>>> print(open('my_file11.txt').read())   # compact mmCIF, C-alpha atoms
# COMPACT_ATOMS: atom_id res chain seq x y z
CA MET A 1 143.80 163.12 81.82
CA ILE A 2 144.66 161.69 85.23
CA ARG A 3 141.75 163.55 86.78
CA GLU A 4 139.29 162.22 84.21
CA PHE A 5 140.69 158.69 84.58
CA GLY A 6 140.28 158.85 88.36
CA ALA A 7 136.71 160.11 88.02
CA LEU A 8 135.78 157.31 85.60
CA THR A 9 137.39 154.71 87.86
CA LEU A 10 135.61 155.89 91.00
CA ASN A 11 132.33 156.20 89.14
CA GLY A 12 132.64 152.64 87.89
CA PHE A 13 133.50 151.47 91.40
CA ARG A 14 130.47 153.22 92.91
CA GLU A 15 128.17 151.82 90.24
CA ALA A 16 129.40 148.27 90.79
CA ARG A 17 129.22 148.71 94.56
CA ARG A 18 125.59 149.83 94.36
CA ASN A 19 124.76 146.82 92.21
CA ARG A 20 122.80 144.33 94.29
CA VAL A 21 124.47 141.44 92.51
CA SER A 22 127.80 142.43 94.06
CA VAL A 23 126.27 142.35 97.53
CA VAL A 24 124.54 139.01 96.93
CA VAL A 25 127.71 137.46 95.53
CA ALA A 26 129.78 138.73 98.46
CA VAL A 27 127.33 137.34 101.02
CA PHE A 28 127.08 134.06 99.13
CA THR A 29 130.85 133.66 99.05
CA LEU A 30 131.23 134.47 102.72
CA GLY A 31 128.66 131.78 103.45
CA LEU A 32 130.60 129.27 101.35
CA LEU A 33 133.82 130.13 103.11
CA LEU A 34 132.24 129.65 106.50
CA SER A 35 130.56 126.42 105.43
CA SER A 36 133.93 124.88 104.64
CA THR A 37 134.04 123.87 108.30
CA LEU A 38 131.26 121.34 107.59
CA VAL A 39 133.47 119.70 104.98
CA THR A 40 136.68 119.71 106.98
CA ASP A 41 134.96 118.13 109.98
CA VAL A 42 134.52 114.90 108.04
CA THR A 43 137.96 114.92 106.43
CA VAL A 44 140.33 115.00 109.36
CA TYR A 45 143.34 113.67 107.47
CA THR A 46 143.16 116.34 104.77
CA PHE A 47 141.91 119.15 106.96
CA GLN A 48 144.06 121.99 105.65
CA ARG A 49 143.95 120.82 102.04
CA VAL A 50 140.16 120.68 101.90
CA MET A 51 139.80 124.03 103.67
CA SER A 52 142.14 125.60 101.15
CA ASP A 53 140.32 123.99 98.20
CA VAL A 54 136.86 125.05 99.40
CA GLY A 55 137.85 128.56 100.44
CA LEU A 56 139.92 129.50 97.39
CA GLY A 57 137.51 127.67 95.08
CA ALA A 58 134.52 129.60 96.43
CA MET A 59 136.36 132.89 95.99
CA CYS A 60 137.32 131.99 92.42
CA LEU A 61 133.87 130.79 91.36
CA THR A 62 131.90 133.75 92.61
CA LEU A 63 134.39 136.44 91.63
CA VAL A 64 134.68 135.03 88.11
CA LEU A 65 130.89 135.06 87.75
CA LEU A 66 130.79 138.63 89.02
CA ALA A 67 133.61 139.67 86.67
CA ILE A 68 131.71 138.22 83.70
CA PHE A 69 128.49 139.97 84.76
CA LEU A 70 130.11 143.37 85.30
CA SER A 71 132.31 143.39 82.20
CA SER A 72 129.92 141.89 79.66
CA GLY A 73 127.04 144.22 80.43
CA LEU A 74 128.73 147.50 81.21
CA LEU A 75 128.91 149.05 77.75
CA SER A 76 125.52 147.69 76.66
CA ARG A 77 123.90 149.19 79.77
CA GLU A 78 125.55 152.53 79.03
CA ILE A 79 124.12 152.44 75.51
CA GLU A 80 120.64 151.34 76.60
CA ARG A 81 120.43 154.09 79.22
CA ARG A 82 121.80 156.64 76.73
CA THR A 83 124.45 157.71 79.23
CA ILE A 84 127.11 156.97 76.63
CA PHE A 85 126.03 160.11 74.73
CA LEU A 86 126.92 162.24 77.75
CA VAL A 87 130.40 160.73 77.78
CA VAL A 88 131.18 161.06 74.07
CA SER A 89 129.93 164.65 74.09
CA LYS A 90 132.55 165.64 76.69
CA PRO A 91 136.31 166.01 76.23
CA VAL A 92 136.89 162.40 77.29
CA SER A 93 138.29 160.00 74.73
CA ARG A 94 136.61 156.67 74.23
CA ALA A 95 139.90 154.93 75.01
CA LEU A 96 140.05 156.66 78.38
CA PHE A 97 136.43 155.73 78.99
CA ILE A 98 137.13 152.02 78.36
CA VAL A 99 140.27 151.95 80.50
CA GLY A 100 138.63 153.94 83.30
CA ARG A 101 135.59 151.67 83.39
CA LEU A 102 137.80 148.59 83.44
CA ALA A 103 139.85 150.08 86.27
CA GLY A 104 136.63 150.71 88.22
CA ASN A 105 135.57 147.08 87.76
CA MET A 106 138.97 145.80 88.81
CA LEU A 107 138.93 148.04 91.87
CA THR A 108 135.57 146.55 92.85
CA LEU A 109 136.86 143.00 92.37
CA ALA A 110 140.03 143.83 94.29
CA VAL A 111 138.05 145.12 97.28
CA LEU A 112 135.85 142.01 97.28
CA LEU A 113 138.89 139.76 96.89
CA VAL A 114 140.60 141.38 99.86
CA MET A 115 137.47 141.07 102.00
CA MET A 116 137.03 137.39 101.11
CA SER A 117 140.73 136.71 101.67
CA VAL A 118 140.57 138.28 105.11
CA VAL A 119 137.62 136.06 106.03
CA PHE A 120 139.34 132.98 104.61
CA PHE A 121 142.68 133.57 106.31
CA THR A 122 140.95 134.45 109.58
CA GLN A 123 139.08 131.17 109.42
CA VAL A 124 142.33 129.32 108.73
CA ALA A 125 144.00 131.00 111.69
CA LEU A 126 141.07 130.22 114.01
CA TYR A 127 141.63 126.52 113.34
CA GLY A 128 145.26 126.88 114.33
CA LEU A 129 146.53 126.38 110.80
CA PRO A 130 149.29 128.47 109.25
CA VAL A 131 148.60 130.93 106.46
CA THR A 132 151.03 129.75 103.81
CA ALA A 133 152.80 131.69 101.08
CA PRO A 134 151.24 129.55 98.29
CA GLN A 135 147.78 130.58 99.55
CA LEU A 136 148.73 134.24 99.36
CA VAL A 137 150.12 133.74 95.86
CA ALA A 138 146.94 131.94 94.74
CA ALA A 139 144.75 134.77 96.04
CA GLY A 140 146.91 137.41 94.36
CA MET A 141 147.06 135.62 91.02
CA LEU A 142 143.29 135.22 91.11
CA TRP A 143 143.09 138.98 90.60
CA VAL A 144 145.23 138.67 87.45
CA GLU A 145 142.89 135.93 86.21
CA LEU A 146 139.92 138.22 86.86
CA LEU A 147 141.70 140.96 84.91
CA VAL A 148 142.01 138.67 81.88
CA ILE A 149 138.35 137.60 82.08
CA SER A 150 137.17 141.20 82.50
CA SER A 151 139.23 142.38 79.53
CA VAL A 152 137.70 139.66 77.35
CA GLY A 153 134.23 140.74 78.52
CA PHE A 154 135.00 144.37 77.66
CA ALA A 155 136.31 143.40 74.22
CA MET A 156 133.12 141.44 73.49
CA SER A 157 130.77 144.10 74.87
CA SER A 158 132.37 146.73 72.63
CA PHE A 159 130.42 145.30 69.67
CA ALA A 160 128.05 142.57 70.97
CA SER A 161 124.99 142.45 73.22
CA GLN A 162 125.18 141.64 76.92
CA LEU A 163 123.91 138.08 76.47
CA VAL A 164 126.35 137.26 73.69
CA SER A 165 129.23 138.84 75.61
CA ALA A 166 128.41 136.88 78.77
CA VAL A 167 128.10 133.56 76.91
CA VAL A 168 131.33 134.03 74.95
CA THR A 169 133.28 135.23 78.01
CA THR A 170 132.06 132.25 80.02
CA GLY A 171 133.11 129.94 77.20
CA VAL A 172 136.53 131.60 77.03
CA TYR A 173 136.96 131.05 80.78
CA PHE A 174 136.35 127.32 80.59
CA ALA A 175 138.25 126.89 77.33
CA GLY A 176 141.13 128.92 78.73
CA HIS A 177 141.59 126.39 81.51
CA LEU A 178 141.55 123.58 78.93
CA SER A 179 143.71 125.24 76.25
CA ALA A 180 146.73 123.04 77.04
CA ASP A 181 144.57 119.93 76.74
CA ILE A 182 143.17 121.17 73.41
CA TYR A 183 146.72 121.66 72.14
CA SER A 184 147.75 118.19 73.31
CA LEU A 185 144.75 116.45 71.78
CA ALA A 186 145.15 118.29 68.48
CA GLY A 187 148.80 117.26 68.34
CA ARG A 188 147.82 113.59 68.47
CA SER A 189 145.57 113.93 65.44
CA SER A 190 146.74 112.59 62.08
CA SER A 191 145.15 115.58 60.32
CA VAL A 192 147.47 118.51 59.70
CA PHE A 193 144.46 120.85 59.68
CA ILE A 194 143.39 119.69 63.17
CA GLN A 195 146.93 120.13 64.44
CA TRP A 196 147.14 123.71 63.15
CA LEU A 197 143.62 124.42 64.41
CA GLY A 198 144.58 123.22 67.87
CA LYS A 199 147.68 125.40 67.84
CA GLY A 200 145.63 128.40 66.70
CA ILE A 201 143.08 127.92 69.47
CA TYR A 202 145.87 127.44 72.02
CA TYR A 203 147.60 130.71 71.13
CA LEU A 204 144.36 132.64 70.64
CA LEU A 205 142.74 131.71 73.95
CA PRO A 206 144.17 132.90 77.26
CA ASN A 207 146.08 130.17 79.08
CA LEU A 208 144.20 130.57 82.37
CA ALA A 209 145.72 127.39 83.78
CA ARG A 210 148.97 129.33 83.90
CA LEU A 211 147.33 131.80 86.29
CA ASN A 212 145.76 129.12 88.50
CA PHE A 213 147.94 128.62 91.59
CA ARG A 214 145.23 127.04 93.72
CA PRO A 215 146.57 123.47 93.34
CA GLN A 216 149.95 124.64 94.62
CA ALA A 217 148.20 126.25 97.59
CA SER A 218 146.38 123.00 98.39
CA TYR A 219 149.60 120.98 98.45
CA GLU A 220 151.71 123.81 99.95
CA LEU A 221 154.03 123.93 96.96
CA MET A 222 155.87 127.20 96.58
CA THR A 223 156.35 128.37 92.99
CA PRO A 224 159.60 130.22 92.15
CA ALA A 225 159.20 133.98 92.12
CA VAL A 226 160.41 134.14 88.50
CA ASP A 227 157.60 131.84 87.34
CA ILE A 228 155.03 133.87 89.28
CA ALA A 229 156.29 137.09 87.70
CA LYS A 230 156.21 135.54 84.22
CA SER A 231 152.64 134.32 84.72
CA ALA A 232 151.53 137.72 86.01
CA ALA A 233 153.22 139.47 83.07
CA TYR A 234 151.50 137.07 80.67
CA GLY A 235 148.08 137.81 82.20
CA VAL A 236 148.59 141.57 82.16
CA GLY A 237 149.91 141.43 78.60
CA TYR A 238 146.95 139.41 77.33
CA ALA A 239 144.55 141.78 79.10
CA GLY A 240 146.33 144.70 77.45
CA VAL A 241 145.76 143.19 74.01
CA MET A 242 142.04 142.69 74.76
CA VAL A 243 141.68 146.24 76.05
CA ALA A 244 143.41 147.57 72.92
CA LEU A 245 140.95 145.57 70.82
CA ALA A 246 138.02 146.94 72.81
CA VAL A 247 139.31 150.51 72.37
CA PHE A 248 139.82 149.98 68.63
CA VAL A 249 136.27 148.67 68.08
CA PHE A 250 134.57 151.05 70.50
CA SER A 251 136.32 154.11 69.04
CA ARG A 252 134.87 153.34 65.61
CA ARG A 253 131.36 152.55 66.78
CA ASP A 254 128.58 154.88 65.70
CA PHE A 255 125.96 155.55 68.38
CA LYS A 256 123.56 157.49 66.18
>>> encode(input="my_file11.txt", output="structure tokens")
Amino acid sequence: MIREFGALTLNGFREARRNRVSVVVAVFTLGLLLSSTLVTDVTVYTFQRVMSDVGLGAMCLTLVLLAIFLSSGLLSREIERRTIFLVVSKPVSRALFIVGRLAGNMLTLAVLLVMMSVVFFTQVALYGLPVTAPQLVAAGMLWVELLVISSVGFAMSSFASQLVSAVVTTGVYFAGHLSADIYSLAGRSSSVFIQWLGKGIYYLLPNLARLNFRPQASYELMTPAVDIAKSAAYGVGYAGVMVALAVFVFSRRDFK
């Protein structure tokens, strides 16, 4: 099983690496990171803060878009190209196929994240600024956020088309960052139904704001290690539930 899992992971990594979108996104992000110097030149008093905001924000934006693209269209592309029939005809379970493909996507995103982080931290060092621990935490927790988004995309693509999966996953990303606000607004309503609806949406959607440590990086605020571990465990746990849902639906899907 380990051998098959490794083969699926590497195959998914090679496929994503050959995808021109990955290359375009990587180049685009590197350009945004380098262009942060144009912004910091006109904001002398908040030099480090703006550089951190622009650099980490560019990494987040482009990697999230890439995660949505890769996860929402993977299974539909396999079905359209009929390659899924080769997989199901071999002694490889559909659960292993889902997990292996997700691992390949996350490996691709991890490599890109490391490359972008190296460029960002090199740029910070060239300006004589220190690389802070909150910046490292923000970059690392971004990967956990990408894991949650990718798992939602896989769960949607297990039964929906690529377009529907991409739209819903994008909506979940934005709503996930606003889930606490939705809960708060619903709690102020006089309607009991709205209050329960707000609570349901809050617990159903991923709380992505909990995985966002970029504001702490901007203000150089170090989060306790216990809170970081709890947030990471929450992200991994939510992703695990989404992967289990994707495996459940995909295992019962008929490709005839």
>>> closest_residue(input="my_file11.txt", among="A:Tyr234, A:Ser52, A:Leu63, A:Val99", to="Ala155 in chain A", atoms="all atoms listed in the file")
A:Val99
>>> closest_residue(input="my_file11.txt", among="A:Val118, A:Leu147, A:Val249, A:Leu129", to="Gly104 in chain A", atoms="only C-alpha atoms")
A:Leu147
>>> closest_residue(input="my_file11.txt", among="A:Leu113, A:Ile68, A:Leu197, A:Ala175", to="Ser150 in chain A", atoms="all atoms listed in the file")
A:Ile68
>>> closest_atom_pairs(input="my_file11.txt", of="range 109-168 of chain A", to="range 198-209 of chain A", cutoff="9 Å", atoms="all atoms listed in the file", output="tab-separated table")
residue	atom	partner	partner_atom	distance
A:Glu145	CA	A:Leu208	CA	6.7
A:Val148	CA	A:Pro206	CA	7.7
A:Ile149	CA	A:Pro206	CA	8.9
>>> atom_distance(input="my_file11.txt", atom1="CA of Phe120 in chain A", atom2="CA of Gly55 in chain A")
6.3 Å
>>> closest_residue(input="my_file11.txt", among="A:Leu96, A:Pro134, A:Val243, A:Ala166", to="Ala225 in chain A", atoms="all atoms listed in the file")
A:Pro134
>>> atom_distance(input="my_file11.txt", atom1="CA of Asn212 in chain A", atom2="CA of Gly187 in chain A")
23.6 Å
>>> atom_distance(input="my_file11.txt", atom1="CA of Lys230 in chain A", atom2="CA of Val131 in chain A")
24.0 Å
>>> closest_residue(input="my_file11.txt", among="A:Pro215, A:Gly176, A:Gly140, A:Gly171", to="Ala232 in chain A", atoms="all atoms listed in the file")
A:Gly140
>>> closest_residue(input="my_file11.txt", among="A:Ser191, A:Ser151, A:Ser157, A:Gln135", to="Arg214 in chain A", atoms="all atoms listed in the file")
A:Gln135
>>> residues_around(input="my_file11.txt", residues="Met156 in chain A", least_positions_apart="2", cutoff="8 Å", atoms="all atoms listed in the file", output="list in words")
Ser72, Val152, Gly153, Phe154, Ser158, Phe159, Ala160, Val164, Ser165, Val168, Thr169 and Ala246 of chain A
>>> residues_around(input="my_file11.txt", residues="Phe121 in chain A", least_positions_apart="3", cutoff="12 Å", atoms="all atoms listed in the file", output="ChimeraX atom specification")
/A:33-34,48,51-52,55-56,113-118,124-133,135-136,139
>>> write_last_selection(input="my_file11.txt", atoms="C-alpha atoms", output="PDB file, keeping the file's coordinate frame")
ATOM      1  CA  LEU A  33     133.820 130.130 103.110  1.00  0.00           C
ATOM      2  CA  LEU A  34     132.240 129.650 106.500  1.00  0.00           C
ATOM      3  CA  GLN A  48     144.060 121.990 105.650  1.00  0.00           C
ATOM      4  CA  MET A  51     139.800 124.030 103.670  1.00  0.00           C
ATOM      5  CA  SER A  52     142.140 125.600 101.150  1.00  0.00           C
ATOM      6  CA  GLY A  55     137.850 128.560 100.440  1.00  0.00           C
ATOM      7  CA  LEU A  56     139.920 129.500  97.390  1.00  0.00           C
ATOM      8  CA  LEU A 113     138.890 139.760  96.890  1.00  0.00           C
ATOM      9  CA  VAL A 114     140.600 141.380  99.860  1.00  0.00           C
ATOM     10  CA  MET A 115     137.470 141.070 102.000  1.00  0.00           C
ATOM     11  CA  MET A 116     137.030 137.390 101.110  1.00  0.00           C
ATOM     12  CA  SER A 117     140.730 136.710 101.670  1.00  0.00           C
ATOM     13  CA  VAL A 118     140.570 138.280 105.110  1.00  0.00           C
ATOM     14  CA  VAL A 124     142.330 129.320 108.730  1.00  0.00           C
ATOM     15  CA  ALA A 125     144.000 131.000 111.690  1.00  0.00           C
ATOM     16  CA  LEU A 126     141.070 130.220 114.010  1.00  0.00           C
ATOM     17  CA  TYR A 127     141.630 126.520 113.340  1.00  0.00           C
ATOM     18  CA  GLY A 128     145.260 126.880 114.330  1.00  0.00           C
ATOM     19  CA  LEU A 129     146.530 126.380 110.800  1.00  0.00           C
ATOM     20  CA  PRO A 130     149.290 128.470 109.250  1.00  0.00           C
ATOM     21  CA  VAL A 131     148.600 130.930 106.460  1.00  0.00           C
ATOM     22  CA  THR A 132     151.030 129.750 103.810  1.00  0.00           C
ATOM     23  CA  ALA A 133     152.800 131.690 101.080  1.00  0.00           C
ATOM     24  CA  GLN A 135     147.780 130.580  99.550  1.00  0.00           C
ATOM     25  CA  LEU A 136     148.730 134.240  99.360  1.00  0.00           C
ATOM     26  CA  ALA A 139     144.750 134.770  96.040  1.00  0.00           C
TER      27      ALA A 139
END
>>> decode(input="my_file11.txt", residues="range 184-206 of chain A", atoms="N, CA, C and O atoms", output="PDB file, in the first residue's frame")
ATOM      1  N   SER A 184     -21.658  35.995  14.756  1.00  0.00           N
ATOM      2  CA  SER A 184     -21.944  37.168  15.586  1.00  0.00           C
ATOM      3  C   SER A 184     -23.200  37.898  15.121  1.00  0.00           C
ATOM      4  O   SER A 184     -24.052  38.296  15.935  1.00  0.00           O
ATOM      5  N   LEU A 185     -23.337  38.074  13.815  1.00  0.00           N
ATOM      6  CA  LEU A 185     -24.507  38.766  13.277  1.00  0.00           C
ATOM      7  C   LEU A 185     -25.792  37.974  13.513  1.00  0.00           C
ATOM      8  O   LEU A 185     -26.838  38.537  13.826  1.00  0.00           O
ATOM      9  N   ALA A 186     -25.695  36.649  13.353  1.00  0.00           N
ATOM     10  CA  ALA A 186     -26.869  35.811  13.585  1.00  0.00           C
ATOM     11  C   ALA A 186     -27.298  35.855  15.048  1.00  0.00           C
ATOM     12  O   ALA A 186     -28.495  35.805  15.366  1.00  0.00           O
ATOM     13  N   GLY A 187     -26.322  35.960  15.949  1.00  0.00           N
ATOM     14  CA  GLY A 187     -26.649  36.015  17.370  1.00  0.00           C
ATOM     15  C   GLY A 187     -27.389  37.280  17.768  1.00  0.00           C
ATOM     16  O   GLY A 187     -28.087  37.304  18.788  1.00  0.00           O
ATOM     17  N   ARG A 188     -27.243  38.329  16.992  1.00  0.00           N
ATOM     18  CA  ARG A 188     -27.931  39.592  17.292  1.00  0.00           C
ATOM     19  C   ARG A 188     -29.361  39.613  16.758  1.00  0.00           C
ATOM     20  O   ARG A 188     -30.126  40.526  17.082  1.00  0.00           O
ATOM     21  N   SER A 189     -29.714  38.636  15.955  1.00  0.00           N
ATOM     22  CA  SER A 189     -31.049  38.607  15.379  1.00  0.00           C
ATOM     23  C   SER A 189     -32.081  38.197  16.431  1.00  0.00           C
ATOM     24  O   SER A 189     -31.789  37.417  17.346  1.00  0.00           O
ATOM     25  N   SER A 190     -33.289  38.743  16.293  1.00  0.00           N
ATOM     26  CA  SER A 190     -34.374  38.382  17.205  1.00  0.00           C
ATOM     27  C   SER A 190     -35.045  37.070  16.822  1.00  0.00           C
ATOM     28  O   SER A 190     -35.822  36.509  17.589  1.00  0.00           O
ATOM     29  N   SER A 191     -34.722  36.563  15.625  1.00  0.00           N
ATOM     30  CA  SER A 191     -35.311  35.317  15.145  1.00  0.00           C
ATOM     31  C   SER A 191     -34.491  34.127  15.636  1.00  0.00           C
ATOM     32  O   SER A 191     -33.266  34.077  15.453  1.00  0.00           O
ATOM     33  N   VAL A 192     -35.169  33.191  16.265  1.00  0.00           N
ATOM     34  CA  VAL A 192     -34.482  31.983  16.743  1.00  0.00           C
ATOM     35  C   VAL A 192     -33.959  31.167  15.569  1.00  0.00           C
ATOM     36  O   VAL A 192     -32.871  30.573  15.638  1.00  0.00           O
ATOM     37  N   PHE A 193     -34.716  31.155  14.463  1.00  0.00           N
ATOM     38  CA  PHE A 193     -34.294  30.407  13.279  1.00  0.00           C
ATOM     39  C   PHE A 193     -32.982  30.967  12.725  1.00  0.00           C
ATOM     40  O   PHE A 193     -32.066  30.205  12.374  1.00  0.00           O
ATOM     41  N   ILE A 194     -32.869  32.298  12.639  1.00  0.00           N
ATOM     42  CA  ILE A 194     -31.652  32.928  12.137  1.00  0.00           C
ATOM     43  C   ILE A 194     -30.479  32.627  13.061  1.00  0.00           C
ATOM     44  O   ILE A 194     -29.350  32.377  12.596  1.00  0.00           O
ATOM     45  N   GLN A 195     -30.734  32.628  14.350  1.00  0.00           N
ATOM     46  CA  GLN A 195     -29.669  32.327  15.307  1.00  0.00           C
ATOM     47  C   GLN A 195     -29.141  30.908  15.125  1.00  0.00           C
ATOM     48  O   GLN A 195     -27.929  30.679  15.088  1.00  0.00           O
ATOM     49  N   TRP A 196     -30.059  29.947  14.995  1.00  0.00           N
ATOM     50  CA  TRP A 196     -29.637  28.557  14.791  1.00  0.00           C
ATOM     51  C   TRP A 196     -28.991  28.367  13.420  1.00  0.00           C
ATOM     52  O   TRP A 196     -28.046  27.580  13.265  1.00  0.00           O
ATOM     53  N   LEU A 197     -29.500  29.094  12.416  1.00  0.00           N
ATOM     54  CA  LEU A 197     -28.905  29.018  11.088  1.00  0.00           C
ATOM     55  C   LEU A 197     -27.475  29.544  11.113  1.00  0.00           C
ATOM     56  O   LEU A 197     -26.578  28.944  10.505  1.00  0.00           O
ATOM     57  N   GLY A 198     -27.270  30.644  11.799  1.00  0.00           N
ATOM     58  CA  GLY A 198     -25.921  31.194  11.919  1.00  0.00           C
ATOM     59  C   GLY A 198     -24.979  30.237  12.623  1.00  0.00           C
ATOM     60  O   GLY A 198     -23.820  30.071  12.212  1.00  0.00           O
ATOM     61  N   LYS A 199     -25.469  29.596  13.683  1.00  0.00           N
ATOM     62  CA  LYS A 199     -24.641  28.613  14.385  1.00  0.00           C
ATOM     63  C   LYS A 199     -24.320  27.418  13.497  1.00  0.00           C
ATOM     64  O   LYS A 199     -23.192  26.911  13.503  1.00  0.00           O
ATOM     65  N   GLY A 200     -25.323  26.977  12.713  1.00  0.00           N
ATOM     66  CA  GLY A 200     -25.090  25.847  11.815  1.00  0.00           C
ATOM     67  C   GLY A 200     -24.043  26.160  10.763  1.00  0.00           C
ATOM     68  O   GLY A 200     -23.156  25.337  10.487  1.00  0.00           O
ATOM     69  N   ILE A 201     -24.143  27.358  10.170  1.00  0.00           N
ATOM     70  CA  ILE A 201     -23.164  27.764   9.161  1.00  0.00           C
ATOM     71  C   ILE A 201     -21.782  27.886   9.785  1.00  0.00           C
ATOM     72  O   ILE A 201     -20.776  27.485   9.184  1.00  0.00           O
ATOM     73  N   TYR A 202     -21.731  28.411  10.999  1.00  0.00           N
ATOM     74  CA  TYR A 202     -20.447  28.611  11.682  1.00  0.00           C
ATOM     75  C   TYR A 202     -19.733  27.271  11.918  1.00  0.00           C
ATOM     76  O   TYR A 202     -18.527  27.157  11.710  1.00  0.00           O
ATOM     77  N   TYR A 203     -20.473  26.274  12.372  1.00  0.00           N
ATOM     78  CA  TYR A 203     -19.857  24.980  12.664  1.00  0.00           C
ATOM     79  C   TYR A 203     -19.667  24.120  11.415  1.00  0.00           C
ATOM     80  O   TYR A 203     -18.835  23.208  11.412  1.00  0.00           O
ATOM     81  N   LEU A 204     -20.429  24.410  10.355  1.00  0.00           N
ATOM     82  CA  LEU A 204     -20.285  23.646   9.126  1.00  0.00           C
ATOM     83  C   LEU A 204     -19.100  24.128   8.296  1.00  0.00           C
ATOM     84  O   LEU A 204     -18.346  23.316   7.747  1.00  0.00           O
ATOM     85  N   LEU A 205     -18.927  25.433   8.214  1.00  0.00           N
ATOM     86  CA  LEU A 205     -17.839  25.995   7.422  1.00  0.00           C
ATOM     87  C   LEU A 205     -16.517  25.905   8.184  1.00  0.00           C
ATOM     88  O   LEU A 205     -16.506  25.926   9.425  1.00  0.00           O
ATOM     89  N   PRO A 206     -15.406  25.817   7.464  1.00  0.00           N
ATOM     90  CA  PRO A 206     -14.109  25.849   8.148  1.00  0.00           C
ATOM     91  C   PRO A 206     -13.819  27.257   8.660  1.00  0.00           C
ATOM     92  O   PRO A 206     -14.058  28.243   7.960  1.00  0.00           O
TER      93      PRO A 206
END
